[in-house]
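Novice: One file is attached below, data20.cif, containing mmCIF, C-alpha atoms.
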```cif
data_coords
loop_
_atom_site.group_PDB
_atom_site.id
_atom_site.type_symbol
_atom_site.label_atom_id
_atom_site.label_comp_id
_atom_site.auth_asym_id
_atom_site.auth_seq_id
_atom_site.Cartn_x
_atom_site.Cartn_y
_atom_site.Cartn_z
ATOM 1 C CA MET A 1 9.541 202.698 120.622
ATOM 2 C CA SER A 2 10.458 203.134 124.263
ATOM 3 C CA SER A 3 6.739 202.797 125.046
ATOM 4 C CA VAL A 4 6.765 199.369 123.366
ATOM 5 C CA ALA A 5 9.811 198.350 125.428
ATOM 6 C CA ARG A 6 8.079 199.508 128.620
ATOM 7 C CA ALA A 7 4.957 197.508 127.676
ATOM 8 C CA VAL A 8 7.080 194.384 127.120
ATOM 9 C CA VAL A 9 8.678 194.833 130.544
ATOM 10 C CA THR A 10 5.350 195.544 132.276
ATOM 11 C CA ARG A 11 3.879 192.355 130.836
ATOM 12 C CA ASN A 12 7.125 190.426 131.507
ATOM 13 C CA LEU A 13 7.046 188.992 127.982
ATOM 14 C CA PRO A 14 9.728 186.413 127.198
ATOM 15 C CA LEU A 15 11.646 187.813 124.261
ATOM 16 C CA ILE A 16 15.058 188.839 123.010
ATOM 17 C CA GLY A 17 15.146 192.425 121.807
ATOM 18 C CA ILE A 18 17.915 193.444 119.426
ATOM 19 C CA THR A 19 18.249 197.185 119.034
ATOM 20 C CA ASN A 20 20.498 200.053 118.109
ATOM 21 C CA ASP A 21 18.911 202.197 120.831
ATOM 22 C CA LEU A 22 20.662 202.326 124.210
ATOM 23 C CA LEU A 23 17.554 203.384 126.150
ATOM 24 C CA ILE A 24 15.418 200.597 124.693
ATOM 25 C CA ALA A 25 18.051 197.982 125.544
ATOM 26 C CA GLN A 26 18.341 199.370 129.062
ATOM 27 C CA THR A 27 14.561 199.189 129.504
ATOM 28 C CA LEU A 28 14.363 195.616 128.176
ATOM 29 C CA GLY A 29 17.157 194.560 130.518
ATOM 30 C CA THR A 30 15.056 195.317 133.599
ATOM 31 C CA ALA A 31 12.648 192.374 133.150
ATOM 32 C CA PRO A 32 13.614 188.813 134.149
ATOM 33 C CA ASN A 33 12.190 187.177 130.982
ATOM 34 C CA THR A 34 13.457 189.784 128.532
ATOM 35 C CA GLN A 35 16.931 190.329 127.132
ATOM 36 C CA GLY A 36 18.127 193.533 125.516
ATOM 37 C CA HIS A 37 21.013 193.258 123.048
ATOM 38 C CA VAL A 38 22.698 196.328 121.571
ATOM 39 C CA LEU A 39 24.293 196.319 118.138
ATOM 40 C CA GLY A 40 27.594 198.201 118.034
ATOM 41 C CA GLY A 41 28.098 201.347 116.010
ATOM 42 C CA ALA A 42 28.736 205.066 116.285
ATOM 43 C CA LEU A 43 26.619 207.057 118.728
ATOM 44 C CA ARG A 44 24.386 209.466 116.837
ATOM 45 C CA PRO A 45 25.251 213.037 117.867
ATOM 46 C CA GLY A 46 22.730 214.349 120.384
ATOM 47 C CA GLY A 47 20.923 211.026 120.632
ATOM 48 C CA HIS A 48 20.981 207.556 122.114
ATOM 49 C CA THR A 49 20.911 205.481 118.925
ATOM 50 C CA LEU A 50 23.837 203.816 117.220
ATOM 51 C CA ILE A 51 24.367 204.268 113.494
ATOM 52 C CA GLY A 52 26.885 203.389 110.820
ATOM 53 C CA ASP A 53 28.291 200.474 108.873
ATOM 54 C CA ALA A 54 28.903 198.347 111.985
ATOM 55 C CA VAL A 55 25.183 198.390 112.862
ATOM 56 C CA ILE A 56 24.149 197.691 109.274
ATOM 57 C CA SER A 57 26.603 194.787 109.007
ATOM 58 C CA SER A 58 25.369 193.275 112.289
ATOM 59 C CA VAL A 59 21.716 193.621 111.314
ATOM 60 C CA SER A 60 22.358 192.059 107.911
ATOM 61 C CA ALA A 61 23.563 188.887 109.634
ATOM 62 C CA LEU A 62 20.313 188.566 111.638
ATOM 63 C CA ARG A 63 16.939 187.035 110.867
ATOM 64 C CA ALA A 64 14.169 188.361 113.101
ATOM 65 C CA ASP A 65 10.715 186.842 113.499
ATOM 66 C CA VAL A 66 9.094 190.237 114.069
ATOM 67 C CA LEU A 67 10.395 193.776 113.654
ATOM 68 C CA LEU A 68 8.894 196.521 115.810
ATOM 69 C CA MET A 69 10.103 199.826 114.447
ATOM 70 C CA GLY A 70 9.044 203.422 114.734
ATOM 71 C CA GLY A 71 9.493 206.229 112.260
ATOM 72 C CA HIS A 72 8.909 209.923 111.885
ATOM 73 C CA ALA A 73 6.330 209.905 109.093
ATOM 74 C CA VAL A 74 4.460 207.520 106.810
ATOM 75 C CA THR A 75 3.091 208.502 103.429
ATOM 76 C CA GLY A 76 1.411 205.647 101.617
ATOM 77 C CA ALA A 77 3.831 202.746 102.019
ATOM 78 C CA VAL A 78 6.851 205.035 102.548
ATOM 79 C CA LEU A 79 8.429 205.424 105.992
ATOM 80 C CA SER A 80 10.376 208.674 106.408
ATOM 81 C CA GLU A 81 13.292 209.351 108.731
ATOM 82 C CA THR A 82 15.268 212.407 109.797
ATOM 83 C CA SER A 83 18.665 211.363 108.443
ATOM 84 C CA LEU A 84 20.182 209.144 105.783
ATOM 85 C CA GLU A 85 22.181 207.289 108.439
ATOM 86 C CA ILE A 86 19.075 206.305 110.417
ATOM 87 C CA ALA A 87 17.221 205.427 107.204
ATOM 88 C CA SER A 88 20.059 203.085 106.177
ATOM 89 C CA VAL A 89 19.996 201.302 109.533
ATOM 90 C CA LYS A 90 16.202 200.921 109.406
ATOM 91 C CA ARG A 91 16.382 199.596 105.849
ATOM 92 C CA ALA A 92 18.760 196.867 107.080
ATOM 93 C CA PHE A 93 16.380 196.006 109.949
ATOM 94 C CA ILE A 94 13.453 195.764 107.507
ATOM 95 C CA GLU A 95 15.381 193.436 105.214
ATOM 96 C CA SER A 96 16.182 191.117 108.143
ATOM 97 C CA ALA A 97 12.609 190.687 109.404
ATOM 98 C CA ALA A 98 9.857 188.233 108.548
ATOM 99 C CA LYS A 99 7.000 190.447 109.874
ATOM 100 C CA LEU A 100 6.891 194.240 109.863
ATOM 101 C CA PRO A 101 4.225 195.798 112.084
ATOM 102 C CA PHE A 102 4.673 199.565 112.325
ATOM 103 C CA THR A 103 4.569 201.267 115.697
ATOM 104 C CA GLY A 104 4.858 204.902 116.562
ATOM 105 C CA GLY A 105 3.945 207.276 119.327
ATOM 106 C CA PHE A 106 2.598 209.773 116.811
ATOM 107 C CA VAL A 107 1.964 208.997 113.189
ATOM 108 C CA GLN A 108 0.815 211.604 110.715
ATOM 109 C CA VAL A 109 -0.466 209.928 107.577
ATOM 110 C CA SER A 110 -0.899 212.166 104.559
ATOM 111 C CA THR A 111 -1.809 211.696 100.941
ATOM 112 C CA PRO A 112 0.887 212.817 98.520
ATOM 113 C CA SER A 113 -0.021 215.926 96.555
ATOM 114 C CA PRO A 114 -0.595 215.414 92.828
ATOM 115 C CA ALA A 115 2.478 216.290 90.800
#
```
Would you put the structure from the file into C-alpha cells?

Specialist:
Amino acid sequence: MSSVARAVVTRNLPLIGITNDLLIAQTLGTAPNTQGHVLGGALRPGGHTLIGDAVISSVSALRADVLLMGGHAVTGAVLSETSLEIASVKRAFIESAAKLPFTGGFVQVSTPSPA
C-alpha cells in the first residue's frame, strides 16, 4: 500500500487518506493536495500499523467513498491476513467503504483444493 500512497503523492491527487499505517500517513502528508489522517490504536509489535479496539471503533464511525487495501493472500473472494488483530481492523475498513478495489504489491491467487 505504500506504493499506492507514493503514486498519490507523485500525481498530487487531492484526497484525504485515513489509515492505520504510520508510514502511509507520513507519505500522504508530503503532498500539498493530500492529507494523511492516522486512526489511534496500539502499535503492532515489530511493525508500523496500529491495531486494536480503538482503531476498529474509529473506522466504524467512518463512511469512505473508496477503500484501497492490501492483503497477504486472496483465495476466491477471501482475503487472508497474518493475524486476527489485523484481520479485524481490515474487516471494519471493508464495512465502512462504498467501493472496494483490491491492491497489493504481490498477490498469489490460488484455487482451493477439493475437500

Novice: Name the residues that the PyMOL selection byres ((chain A and resi 54-64) around 9) pulls out of this structure, and write them as a list in words.

Specialist: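 Evaluating the PyMOL selection byres ((chain A and resi 54-64) around 9) on this file yields Ile18, Asn20, Leu39, Gly40, Gly41, Ala42, Leu50, Ile51, Gly52, Asp53, Asp65, Val66, Leu67, Ser88, Val89, Lys90, Arg91, Ala92, Phe93, Glu95, Ser96, Ala97, Ala98 and Lys99 of chain A.
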
Novice: What does the distance between atom CA of Arg11 of chain A and atom CA of Gly36 of chain A come to in Å, to one decimal place?

Specialist: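 Between atom CA of Arg11 of chain A and atom CA of Gly36 of chain A the gap works out to 15.3 Å.
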
Novice: Apply the PyMOL selection byres ((chain A and resi 15) around 6) to the structure shown and report the selected residues as a list in words.

Specialist: Pro14, Ile16 and Thr34 of chain A

Novice: Considering all atoms listed in the file, can you say which of A:Met69, A:Val9, A:Ile94, A:Ile86 comes closest to Leu43 of chain A?

Specialist: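 Going through A:Met69, A:Val9, A:Ile94, A:Ile86 one by one, the smallest distance to Leu43 of chain A is for A:Ile86.
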
Novice: Emit as lines of an AutoDock Vina configuration file the padded axis-aligned box for all listed atoms of segment 6-25 of chain A, 8 Å per side, with centre and edge lengths in Å to one decimal.

Specialist:
```
center_x = 12.3
center_y = 194.9
center_z = 125.2
size_x = 32.8
size_y = 33.0
size_z = 30.2
```

Novice: Show which residues sit within 12 Å of Leu13 of chain A, as a PyMOL selection string. Count all atoms listed in the file, and ignore same-chain residues fewer than 5 positions away.

Specialist: chain A and resi 4-8+28-35

Novice: Those same residues - C-alpha atoms - I'd like them written as a short mmCIF file (atom, residue, chain, number, x, y, z; two decimals), in the frame of the given file.

Specialist:
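To be explicit, this is the file written out as selection03.cif:
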```cif
data_model
loop_
_atom_site.label_atom_id
_atom_site.label_comp_id
_atom_site.auth_asym_id
_atom_site.auth_seq_id
_atom_site.Cartn_x
_atom_site.Cartn_y
_atom_site.Cartn_z
CA VAL A 4 6.76 199.37 123.37
CA ALA A 5 9.81 198.35 125.43
CA ARG A 6 8.08 199.51 128.62
CA ALA A 7 4.96 197.51 127.68
CA VAL A 8 7.08 194.38 127.12
CA LEU A 28 14.36 195.62 128.18
CA GLY A 29 17.16 194.56 130.52
CA THR A 30 15.06 195.32 133.60
CA ALA A 31 12.65 192.37 133.15
CA PRO A 32 13.61 188.81 134.15
CA ASN A 33 12.19 187.18 130.98
CA THR A 34 13.46 189.78 128.53
CA GLN A 35 16.93 190.33 127.13
#
```

Novice: Which is closer to Ile24 of chain A than all the others in A:Asn12, A:Glu85, A:His37, A:Ser2, using all atoms listed in the file?

Specialist: A:Ser2

Novice: Between atom CA of Leu22 of chain A and atom CA of Val74 of chain A, measure the distance and give it in Å to one decimal.

Specialist: 24.3 Å

Novice: Which one is closest to Arg44 of chain A: A:Leu79, A:Ala73, A:Leu68, A:Leu84? Count only C-alpha atoms.

Specialist: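 Counting only C-alpha atoms, the residue closest to Arg44 of chain A is A:Leu84.
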
Novice: Would you mind reading off the distance between atom CA of Val78 of chain A and atom CA of Thr27 of chain A, one decimal, in Å?

Specialist: 28.6 Å

Novice: Point out the residue among A:Gly71, A:Gly47, A:Ser83, A:Thr10 with the least atom-to-atom distance to Leu23 of chain A, counting all atoms listed in the file.

Specialist: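 Residue with the minimum atom-to-atom distance to Leu23 of chain A: A:Gly47.
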
Novice: Looking at all atoms listed in the file, which of A:Ser3, A:Ser80, A:Val38, A:Thr75 is the one that sits closest to Thr19 of chain A?

Specialist: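 Of the candidates, the smallest distance to Thr19 of chain A is held by A:Val38.
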